[in-house]
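start23.txt follows; it contains compact mmCIF, C-alpha atoms.
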```txt
# COMPACT_ATOMS: atom_id res chain seq x y z
CA MET A 15 0.00 0.00 0.00
CA SER A 16 3.00 2.29 -0.21
CA ASP A 17 3.07 2.87 -3.95
CA GLY A 18 1.20 6.16 -3.78
CA LEU A 19 -2.13 4.98 -5.14
CA PRO A 20 -4.92 6.95 -3.47
CA MET A 21 -7.11 5.32 -0.89
CA ASN A 22 -9.67 8.11 -0.62
CA LEU A 23 -11.05 10.02 -3.56
CA LYS A 24 -13.21 13.13 -3.29
CA LEU A 25 -15.80 13.67 -6.03
CA LEU A 26 -18.10 16.69 -6.38
CA LEU A 27 -21.48 17.11 -8.03
CA ILE A 28 -21.82 20.58 -9.58
CA GLY A 29 -24.39 22.37 -11.72
CA ASN A 30 -27.39 24.66 -11.61
CA SER A 31 -30.24 24.11 -9.19
CA SER A 32 -32.87 21.58 -10.19
CA VAL A 33 -30.75 19.70 -12.71
CA GLY A 34 -30.95 16.57 -10.56
CA LYS A 35 -27.60 16.53 -8.78
CA SER A 36 -29.14 15.17 -5.63
CA SER A 37 -30.95 12.43 -7.44
CA LEU A 38 -27.63 11.28 -8.87
CA LEU A 39 -26.29 10.96 -5.36
CA LEU A 40 -29.28 8.93 -4.28
CA ARG A 41 -29.80 5.35 -5.25
CA PHE A 42 -26.74 3.54 -6.38
CA THR A 43 -28.78 0.39 -6.62
CA ASP A 44 -31.26 -0.86 -9.15
CA ASP A 45 -33.48 -1.27 -6.21
CA GLU A 46 -36.85 -2.48 -7.34
CA PHE A 47 -37.40 -3.61 -3.76
CA LEU A 48 -37.61 0.00 -2.60
CA SER A 49 -40.47 2.39 -2.44
CA ASP A 50 -39.91 6.08 -1.96
CA GLU A 51 -41.85 6.15 1.27
CA GLU A 52 -39.35 3.83 2.85
CA THR A 53 -36.35 6.00 2.34
CA SER A 54 -34.93 8.94 4.18
CA ALA A 55 -34.56 10.94 1.00
CA THR A 56 -36.77 13.70 2.33
CA ILE A 57 -33.98 15.11 4.49
CA GLY A 58 -31.53 15.16 1.61
CA VAL A 59 -28.10 13.61 1.44
CA ASP A 60 -25.10 15.87 1.87
CA PHE A 61 -22.48 13.33 0.89
CA LYS A 62 -21.91 9.62 0.68
CA VAL A 63 -18.97 7.39 1.34
CA LYS A 64 -18.73 4.50 -1.14
CA SER A 65 -16.11 1.76 -1.08
CA ILE A 66 -14.90 -0.01 -4.17
CA GLU A 67 -12.28 -2.70 -4.53
CA VAL A 68 -9.98 -3.09 -7.51
CA GLU A 69 -7.38 -5.85 -7.67
CA GLY A 70 -7.60 -6.40 -3.96
CA ARG A 71 -7.07 -2.73 -3.22
CA ARG A 72 -9.80 -0.72 -1.62
CA TYR A 73 -10.74 2.80 -2.59
CA LYS A 74 -13.18 4.99 -0.71
CA LEU A 75 -15.07 7.65 -2.60
CA SER A 76 -16.65 10.59 -0.85
CA ILE A 77 -19.26 11.98 -3.21
CA TRP A 78 -20.50 15.46 -2.32
CA ASP A 79 -23.67 17.31 -3.14
CA THR A 80 -23.78 21.10 -2.91
CA ALA A 81 -26.54 21.31 -0.32
CA GLY A 82 -28.25 23.98 -2.42
CA GLN A 83 -25.37 26.43 -2.07
CA GLU A 84 -25.24 26.77 -5.85
CA ARG A 85 -28.29 29.01 -5.64
CA PHE A 86 -25.92 31.71 -4.44
CA ARG A 87 -23.92 31.26 -7.62
CA THR A 88 -20.66 30.41 -5.97
CA LEU A 89 -19.79 27.57 -3.68
CA THR A 90 -17.38 28.06 -0.83
CA SER A 91 -13.82 27.10 -1.62
CA SER A 92 -13.88 24.48 1.12
CA TYR A 93 -16.38 22.55 -0.98
CA TYR A 94 -13.86 22.27 -3.80
CA ARG A 95 -10.80 21.68 -1.65
CA GLY A 96 -9.03 18.41 -2.29
CA ALA A 97 -11.41 17.21 -4.98
CA GLN A 98 -9.96 14.86 -7.58
CA GLY A 99 -13.09 14.52 -9.67
CA VAL A 100 -16.03 16.75 -10.60
CA VAL A 101 -19.33 15.69 -12.12
CA LEU A 102 -20.88 18.67 -13.95
CA VAL A 103 -24.57 18.10 -14.30
CA TYR A 104 -27.08 19.77 -16.62
CA ASP A 105 -30.68 19.00 -17.48
CA VAL A 106 -31.19 18.04 -21.15
CA SER A 107 -34.62 19.66 -20.94
CA SER A 108 -33.16 22.99 -19.76
CA ARG A 109 -31.14 25.02 -22.26
CA GLN A 110 -30.21 27.45 -19.50
CA SER A 111 -28.61 24.76 -17.34
CA PHE A 112 -26.46 23.80 -20.35
CA ASP A 113 -25.54 27.37 -21.29
CA GLU A 114 -24.42 28.14 -17.74
CA LEU A 115 -21.98 25.24 -17.60
CA LEU A 116 -19.18 27.56 -18.71
CA LYS A 117 -19.61 29.48 -15.47
CA TRP A 118 -19.13 26.27 -13.52
CA PHE A 119 -16.05 25.32 -15.54
CA THR A 120 -14.57 28.70 -14.56
CA GLU A 121 -15.36 28.07 -10.90
CA ILE A 122 -13.67 24.68 -11.06
CA ASP A 123 -10.58 26.10 -12.73
CA ILE A 124 -10.29 28.72 -9.99
CA HIS A 125 -10.80 26.39 -7.05
CA CYS A 126 -9.70 22.92 -8.05
CA GLY A 127 -6.48 23.60 -9.87
CA GLU A 128 -5.18 21.76 -12.88
CA GLY A 129 -5.65 18.12 -13.58
CA VAL A 130 -8.92 17.58 -11.74
CA VAL A 131 -10.93 15.05 -13.75
CA LYS A 132 -14.21 16.44 -15.08
CA MET A 133 -17.22 14.67 -16.41
CA LEU A 134 -20.23 16.24 -18.12
CA VAL A 135 -23.54 14.57 -17.35
CA GLY A 136 -26.69 15.35 -19.30
CA ASN A 137 -29.37 14.35 -16.85
CA LYS A 138 -33.11 13.66 -17.17
CA VAL A 139 -33.00 11.86 -20.52
CA ASP A 140 -36.26 10.25 -19.43
CA LYS A 141 -37.84 13.62 -20.37
CA GLU A 142 -37.13 13.07 -24.08
CA ALA A 143 -40.24 14.94 -25.22
CA SER A 144 -39.09 18.21 -23.67
CA ARG A 145 -35.43 17.86 -24.59
CA GLN A 146 -33.73 21.19 -25.40
CA VAL A 147 -30.11 20.02 -25.64
CA THR A 148 -29.24 17.31 -28.13
CA THR A 149 -26.83 14.50 -27.39
CA ASP A 150 -24.51 15.81 -30.11
CA GLU A 151 -24.40 19.26 -28.52
CA GLY A 152 -23.42 17.73 -25.20
CA LYS A 153 -20.80 15.54 -26.80
CA THR A 154 -19.30 18.41 -28.79
CA PHE A 155 -19.13 20.66 -25.75
CA ALA A 156 -17.50 17.92 -23.67
CA GLU A 157 -14.87 17.39 -26.37
CA ARG A 158 -14.19 21.10 -26.48
CA MET A 159 -13.72 21.23 -22.71
CA GLY A 160 -11.73 17.99 -22.62
CA THR A 161 -14.10 16.17 -20.32
CA LEU A 162 -15.79 12.81 -20.22
CA PHE A 163 -19.43 12.80 -21.29
CA ILE A 164 -22.47 10.70 -20.56
CA GLU A 165 -26.22 11.17 -20.69
CA CYS A 166 -28.24 9.56 -17.99
CA SER A 167 -31.39 9.57 -15.97
CA ALA A 168 -31.43 9.25 -12.23
CA LYS A 169 -35.09 8.32 -12.56
CA THR A 170 -34.41 5.28 -14.64
CA ARG A 171 -30.85 5.03 -13.33
CA VAL A 172 -29.65 4.38 -16.87
CA GLY A 173 -26.01 5.35 -17.03
CA VAL A 174 -25.68 6.68 -13.47
CA MET A 175 -23.22 4.09 -12.22
CA GLU A 176 -21.30 4.23 -15.50
CA ALA A 177 -20.81 7.96 -14.97
CA PHE A 178 -19.06 7.39 -11.66
CA GLN A 179 -17.10 4.41 -13.02
CA GLU A 180 -15.67 6.47 -15.86
CA LEU A 181 -14.64 9.23 -13.49
CA VAL A 182 -12.86 6.90 -11.07
CA MET A 183 -10.96 5.21 -13.88
CA ARG A 184 -9.77 8.53 -15.21
CA ILE A 185 -8.59 9.61 -11.75
CA LEU A 186 -6.64 6.39 -11.36
CA ASP A 187 -5.03 7.20 -14.70
CA THR A 188 -3.94 10.63 -13.41
CA PRO A 189 -1.10 10.21 -10.91
CA SER A 190 -0.80 13.95 -10.30
CA LEU A 191 -4.15 13.78 -8.50
CA TRP A 192 -3.26 11.03 -6.10
CA ASN A 193 -1.58 13.12 -3.47
CA ARG A 194 -4.49 15.49 -3.30
CA ASN A 195 -5.84 14.13 -0.11
CA SER A 196 -9.30 15.35 0.67
CA ASN A 197 -8.10 16.54 4.06
CA GLY A 198 -5.39 18.80 2.80
CA ILE A 199 -2.22 18.67 0.84
CA ARG A 200 0.72 16.39 1.17
CA ALA A 201 3.74 18.18 2.53
CA ASP A 202 7.29 17.47 1.44
CA ASN A 203 7.96 15.29 4.42
CA GLY A 204 5.03 13.06 3.50
CA THR A 205 2.77 14.10 6.34
CA ILE A 206 -0.74 15.28 5.74
CA GLN A 207 -1.45 18.90 6.48
CA PRO A 208 -5.00 19.29 7.62
CA GLY A 209 -7.14 21.73 5.70
CA ASN A 210 -8.49 24.67 7.64
CA GLU A 211 -12.15 23.77 7.50
CA SER A 212 -12.03 20.14 6.66
CA SER A 213 -11.70 18.50 10.03
CA GLY A 214 -13.99 15.74 11.05
CA LEU A 215 -17.23 14.92 9.37
CA LEU A 216 -17.11 17.87 7.02
CA GLY A 217 -13.81 16.81 5.56
CA GLY A 218 -11.95 13.70 4.69
CA CYS A 219 -9.41 11.75 6.62
CA SER A 220 -5.70 11.51 6.49
CA CYS A 221 -5.43 7.76 6.68
CA MET B 6 3.75 -0.51 -10.25
CA SER B 7 1.15 -1.90 -12.60
CA GLN B 8 -2.25 -0.29 -12.53
CA PRO B 9 -5.54 -2.08 -12.70
CA SER B 10 -6.93 -2.22 -16.21
CA GLN B 11 -10.23 -0.60 -17.10
CA ALA B 12 -11.74 -4.04 -17.46
CA ASP B 13 -10.64 -4.91 -13.92
CA ILE B 14 -12.21 -1.76 -12.55
CA PHE B 15 -15.45 -2.31 -14.44
CA ALA B 16 -15.62 -5.88 -13.20
CA ALA B 17 -15.02 -4.78 -9.62
CA LEU B 18 -17.66 -2.08 -9.77
CA GLN B 19 -20.07 -4.44 -11.42
CA ALA B 20 -19.51 -6.97 -8.67
CA GLN B 21 -20.35 -4.32 -6.14
CA SER B 22 -23.54 -3.05 -7.68
CA SER B 23 -26.31 -4.40 -5.57
CA SER B 24 -28.08 -6.15 -8.41
CA SER B 25 -25.36 -8.72 -8.78
CA ARG B 26 -23.87 -8.53 -5.31
CA LYS B 27 -23.84 -11.75 -3.40
CA ARG B 28 -25.59 -10.97 -0.18
CA PRO B 29 -23.95 -12.70 2.75
CA PRO B 30 -26.07 -14.11 5.56
CA THR B 31 -26.79 -11.48 8.17
CA GLN B 32 -28.82 -11.20 11.32
CA LEU B 33 -30.42 -8.57 13.47
CA ILE B 34 -29.53 -8.22 17.10
CA SER B 35 -33.01 -9.57 17.85
CA ASP B 36 -32.09 -12.77 15.94
CA LEU B 37 -29.46 -13.72 18.51
CA PRO B 38 -30.41 -16.80 20.51
CA GLU B 39 -32.44 -15.94 23.55
CA GLY B 40 -30.33 -15.45 26.64
CA GLU B 41 -27.20 -14.82 24.61
CA ASP B 42 -25.29 -11.74 25.65
CA ALA B 43 -25.37 -9.42 22.65
CA LYS B 44 -22.22 -7.56 23.58
CA ALA B 45 -20.29 -10.79 24.07
CA SER B 46 -21.50 -12.08 20.70
CA LEU B 47 -20.88 -8.96 18.68
CA THR B 48 -17.70 -7.53 20.20
CA ASN B 49 -14.15 -8.66 20.89
CA GLY B 50 -12.02 -8.04 23.98
CA GLN B 51 -11.54 -4.42 22.96
CA GLY B 52 -15.28 -3.87 22.64
CA THR B 53 -15.22 -3.41 18.87
CA ASN B 54 -17.45 -5.15 16.34
CA VAL B 55 -16.27 -8.62 15.32
CA THR B 56 -18.39 -8.93 12.17
CA LYS B 57 -19.16 -6.68 9.27
CA ILE B 58 -22.11 -4.37 9.88
CA HIS B 59 -24.69 -4.24 7.08
CA CYS B 60 -27.77 -2.29 6.06
CA PHE B 61 -30.90 -3.10 8.03
CA ARG B 62 -32.66 -4.04 4.81
CA GLN B 63 -31.97 -7.70 4.14
CA GLY B 64 -32.37 -7.28 0.40
CA CYS B 65 -29.77 -4.50 0.33
CA GLY B 66 -26.74 -6.04 2.00
CA CYS B 67 -24.65 -2.87 1.76
CA VAL B 68 -21.59 -3.04 4.06
CA ILE B 69 -21.67 -0.07 6.41
CA LEU B 70 -18.77 -0.87 8.71
CA ALA B 71 -15.78 -3.20 8.58
CA PRO B 72 -14.93 -5.33 11.64
CA GLY B 73 -13.03 -3.54 14.40
CA VAL B 74 -14.18 -0.03 13.53
CA GLY B 75 -17.15 0.51 15.85
CA GLN B 76 -16.87 0.67 19.63
CA TRP B 77 -19.78 -0.73 21.64
CA ILE B 78 -21.09 1.92 24.03
CA SER B 79 -24.10 2.20 26.25
CA ALA B 80 -26.44 5.19 26.32
CA ASP B 81 -30.11 6.05 26.76
CA SER B 82 -32.62 4.10 24.71
CA ASN B 83 -34.59 5.59 21.83
CA LEU B 84 -32.31 8.55 21.21
CA ILE B 85 -33.37 8.65 17.55
CA PRO B 86 -36.94 9.92 17.20
CA SER B 87 -39.28 7.23 15.94
CA GLU B 88 -41.35 7.92 12.86
CA ASP B 89 -44.64 6.57 11.61
CA GLY B 90 -44.06 3.69 9.28
CA SER B 91 -40.43 3.27 10.30
CA PRO B 92 -39.21 -0.28 9.66
CA PHE B 93 -36.91 -0.12 12.67
CA PRO B 94 -37.80 -1.80 15.94
CA GLY B 95 -37.83 0.24 19.11
CA SER B 96 -34.86 -0.10 21.38
CA ASN B 97 -34.93 -3.30 23.34
CA ALA B 98 -34.27 -1.37 26.49
CA SER B 99 -32.88 -2.90 29.59
CA PRO B 100 -34.67 -2.08 32.87
CA ASP B 101 -32.40 0.92 33.36
CA ASN B 102 -33.48 2.30 29.97
CA GLN B 103 -30.07 1.79 28.40
CA SER B 104 -29.33 0.66 24.85
CA ALA B 105 -26.17 0.01 22.88
CA TYR B 106 -24.69 2.05 20.05
CA TRP B 107 -21.65 1.70 17.83
CA HIS B 108 -19.32 4.65 18.29
CA ILE B 109 -17.23 5.48 15.22
CA THR B 110 -14.33 7.91 15.47
CA GLY B 111 -11.83 9.48 13.11
CA SER B 112 -13.68 10.59 10.01
CA PRO B 113 -16.47 9.71 7.60
CA MET B 114 -13.97 7.54 5.77
CA SER B 115 -14.00 5.18 8.75
CA PHE B 116 -17.20 3.85 7.22
CA ASP B 117 -17.17 1.49 4.24
CA ASN B 118 -20.45 2.86 2.86
CA ILE B 119 -22.69 5.49 4.43
CA GLY B 120 -24.77 8.53 3.61
CA PHE B 121 -24.67 11.75 5.64
CA SER B 122 -27.76 13.93 5.54
CA LYS B 123 -27.68 17.66 5.22
CA PRO B 124 -27.59 19.32 8.64
CA SER B 125 -31.05 18.82 9.99
CA GLU B 126 -33.09 20.92 12.32
CA LEU B 127 -36.38 19.28 11.42
CA LYS B 128 -36.06 16.14 13.47
CA SER B 129 -34.64 16.32 16.90
CA LEU B 130 -32.09 13.99 18.36
CA SER B 131 -32.41 13.48 22.10
CA LEU B 132 -30.20 15.87 24.04
CA ASN B 133 -29.10 12.82 26.03
CA ALA B 134 -27.46 11.41 22.91
CA PRO B 135 -23.68 11.02 23.14
CA GLY B 136 -21.99 14.05 21.60
CA ASN B 137 -25.14 16.14 21.55
CA ALA B 138 -25.43 19.62 22.97
CA SER B 139 -27.81 22.49 22.56
CA GLY B 140 -27.39 24.22 19.22
CA LYS B 141 -25.57 21.38 17.49
CA LYS B 142 -26.81 20.47 14.02
CA VAL B 143 -27.43 16.80 13.44
CA LYS B 144 -26.36 14.96 10.31
CA TRP B 145 -28.32 11.71 10.13
CA LEU B 146 -26.73 8.54 8.80
CA SER B 147 -28.41 6.45 6.12
CA CYS B 148 -27.54 3.48 3.95
CA ALA B 149 -25.38 4.57 1.01
CA ASP B 150 -27.03 2.13 -1.38
CA CYS B 151 -30.73 2.13 -0.53
CA ASP B 152 -31.00 5.33 1.57
CA LEU B 153 -32.78 3.63 4.45
CA GLY B 154 -32.40 5.69 7.59
CA PRO B 155 -31.80 7.18 9.99
CA VAL B 156 -29.55 4.42 11.26
CA GLY B 157 -27.52 6.77 13.42
CA TRP B 158 -26.27 10.31 13.80
CA SER B 159 -23.29 12.63 13.67
CA PHE B 160 -22.85 16.37 14.03
CA GLU B 161 -21.93 19.11 11.64
CA GLY B 162 -18.22 19.75 12.05
CA GLY B 163 -17.81 16.77 14.37
CA THR B 164 -15.37 13.89 14.23
CA GLU B 165 -17.57 11.10 15.58
CA ALA B 166 -20.66 9.15 14.59
CA TRP B 167 -23.00 6.71 16.29
CA LEU B 168 -25.03 3.80 14.90
CA ALA B 169 -27.99 2.24 16.73
CA VAL B 170 -27.27 -1.47 17.21
CA GLU B 171 -30.89 -2.39 16.39
CA ARG B 172 -30.89 -0.49 13.09
CA VAL B 173 -28.18 -2.52 11.36
CA ARG B 174 -27.52 -6.19 10.54
CA TYR B 175 -24.53 -8.34 11.47
CA GLY B 176 -22.55 -10.77 9.39
CA VAL B 177 -23.03 -14.39 10.44
CA LYS B 178 -19.87 -16.42 10.74
CA PRO B 179 -20.01 -19.54 8.60
```
Once you've parsed the file, please lay out its structure as structure tokens.
Amino acid sequence: MSDGLPMNLKLLLIGNSSVGKSSLLLRFTDDEFLSDEETSATIGVDFKVKSIEVEGRRYKLSIWDTAGQERFRTLTSSYYRGAQGVVLVYDVSSRQSFDELLKWFTEIDIHCGEGVVKMLVGNKVDKEASRQVTTDEGKTFAERMGTLFIECSAKTRVGVMEAFQELVMRILDTPSLWNRNSNGIRADNGTIQPGNESSGLLGGCSC
Amino acid sequence: MSQPSQADIFAALQAQSSSSRKRPPTQLISDLPEGEDAKASLTNGQGTNVTKIHCFRQGCGCVILAPGVGQWISADSNLIPSEDGSPFPGSNASPDNQSAYWHITGSPMSFDNIGFSKPSELKSLSLNAPGNASGKKVKWLSCADCDLGPVGWSFEGGTEAWLAVERVRYGVKP
């Protein structure tokens, strides 16, 4: 475990209000055994910890929602700190949510630094009848911005897991991101410097 | 150092999606044989959990906590407010109105899989709950895969979390 591969990865969900970021964070399962009434979704999930194992090595993802802060246009820098991956979400039935992605790309460039892996997600493809952004437009924009691209629907869960899979694989392919621990930055002597606001349950861990 | 191939990663993620996940046998604390001491069955000499801790929902199987991560503590019963239609049993309180909880320290990454709610002021956690104090904002814990909750609590800006022993399942040793 000393070869520098990351154990903890921090992923962010970003985009305009009402594009379905929260619904992407909910429901990782194809859970036909669930009914909405049974879940605690009404409170709203802030972030999730998800473990995955690859070749006997475990990775823990912390996947963060914005808790509605995006309504104020900018998110606090502590939200971005230490992130290795960003999922930019727009609603294919909302032209505005697509047009305003550039603003979010700017935010990410300011706060996340270079190399952070970005993925563009066109959400709500179950609303095909009211689609305002074509698949080709999304694809072209993603190519222009150098990001991964997928269309999905949290309602039908088509493509949701694939979106996160793609992102994780790209992070593992980007060694410069590995030392970006979600609890701070790695100092020259190899110790983890805690971030100012990221202690405890609002941040990551240094293990 | 060789890196895992994309195919390896896909296979691993696939194996962990709940649809194809093999769900190991689990039990509730109420499934323990009558008269058996729950603490003795579920903890080791250091008082930490000896089995994996899973989602309460049998059909989910999500692993919440690895062995050795949670510390068995005793506190007041029914600290989490009960809701209509909740699938969770009430605390099986001892005569002194005490129940057990798993105490998790360090960080959210101490969990294998868990969801943290947004800071909540809607539902109140008992002020007798470990870690609680007036004015603290609660972040409820829920299953990361199926969202069933609350299974426990933590606090905004805190470093600890607590799981109710009756709201999770325990791996059964073969």
Of the candidates A:Leu75, A:Leu134, A:Val63, A:Leu162, which shows the shortest atom-to-atom distance to chain B, using only C-alpha atoms?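 Going through A:Leu75, A:Leu134, A:Val63, A:Leu162 one by one, the smallest distance to chain B is for A:Val63.
Distances from A:Leu115, A:Val174, A:Ile28, A:Cys166 to chain B were compared using all atoms listed in the file, and the smallest one belongs to A:Val174.
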Using only C-alpha atoms, which of B:His108, B:Lys57, B:Lys141, B:Arg174 sits nearest Phe93 in chain B? B:Arg174
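Around Lys24 in chain A, within 9 Å and counting only C-alpha atoms, the residues found are A:Asn22, A:Leu26, A:Lys74, A:Leu75, A:Ser76, A:Ile77, A:Trp78, A:Gly96, A:Ala97, A:Gln98, A:Gly99, A:Val100, A:Asn195, A:Ser196, A:Gly218, once anything fewer than 2 positions away on its own chain is removed.
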Using all atoms listed in the file, which protein or nucleic acid residues come within 9 Å of Leu130 in chain B? Drop anything in the same chain fewer than 2 positions from it, and give the result as a count of residues only. 10
Which neighbours of range 116-118 of chain A fall inside 9 Å, counting only C-alpha atoms, when residues of the same chain fewer than 5 positions from it are skipped, and could you give them as a PyMOL selection string? chain A and resi 28-30+88+102+123
Please write as a PyMOL selection string the list of polymer residues whose atoms come within 12 Å of (-9.6, 24.1, -9.3), counting only C-alpha atoms and keeping to the coordinates of the file. chain A and resi 26+91-100+118-132+191+194
Of the listed residues B:Thr110, B:Ser139, B:Thr31, B:Thr48, that which approaches chain A most closely, counting all atoms listed in the file: B:Thr110
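In terms of minimum interatomic distance to Pro100 in chain B, B:Ser82 ranks closest within B:Phe116, B:Ser82, B:Ser35, B:Phe61, counting only C-alpha atoms.
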Set the distance at 10 Å and use all atoms listed in the file: which residues neighbour Lys44 in chain B once local chain neighbours fewer than 5 positions away are removed? I'd like the list as JSON, numbers by chain. {"B": [34, 49, 52, 53, 54, 77, 78, 105]}
What box, with edges along x, y and z, holds each listed atom of range 124-128 of chain A when 4 Å is added on every side, and can you state its centre and edge lengths in Å to one decimal, as lines of an AutoDock Vina configuration file?
```
center_x = -8.0
center_y = 25.2
center_z = -10.0
size_x = 13.6
size_y = 15.0
size_z = 13.8
```
With only C-alpha atoms considered, list every residue of chain B at most 6 Å from chain A, as a PyMOL selection string. chain B and resi 14+17+23+112-113+117-123+150-154+162-164
Export, as a tab-separated table (two decimals), in the frame of the given file, the selected residues with C-alpha atoms.
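Done, and the output landed in out.tsv:
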```tsv
chain	number	residue	atom	x	y	z
B	14	ILE	CA	-12.21	-1.76	-12.55
B	17	ALA	CA	-15.02	-4.78	-9.62
B	23	SER	CA	-26.31	-4.40	-5.57
B	112	SER	CA	-13.68	10.59	10.01
B	113	PRO	CA	-16.47	9.71	7.60
B	117	ASP	CA	-17.17	1.49	4.24
B	118	ASN	CA	-20.45	2.86	2.86
B	119	ILE	CA	-22.69	5.49	4.43
B	120	GLY	CA	-24.77	8.53	3.61
B	121	PHE	CA	-24.67	11.75	5.64
B	122	SER	CA	-27.76	13.93	5.54
B	123	LYS	CA	-27.68	17.66	5.22
B	150	ASP	CA	-27.03	2.13	-1.38
B	151	CYS	CA	-30.73	2.13	-0.53
B	152	ASP	CA	-31.00	5.33	1.57
B	153	LEU	CA	-32.78	3.63	4.45
B	154	GLY	CA	-32.40	5.69	7.59
B	162	GLY	CA	-18.22	19.75	12.05
B	163	GLY	CA	-17.81	16.77	14.37
B	164	THR	CA	-15.37	13.89	14.23
```
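Here CA of Ile164 in chain A is placed at a distance of 14.1 Å from CA of Leu27 in chain A.
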List as number ranges by chain the protein and nucleic acid residues near Pro29 in chain B, meaning an atom at most 8 Å away when all atoms listed in the file are counted, but skip any in the same chain fewer than 5 places from it. B: 66, 176-177
Point-to-point distance in Å for CA of Val147 in chain A and CA of Ser107 in chain A: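 Here the two named atoms are 6.5 Å from each other.
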Report the distance between CA of Ser129 in chain B and CA of Pro94 in chain B in Å, rounded to one decimal place.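 Going from CA of Ser129 in chain B over to CA of Pro94 in chain B covers 18.4 Å.
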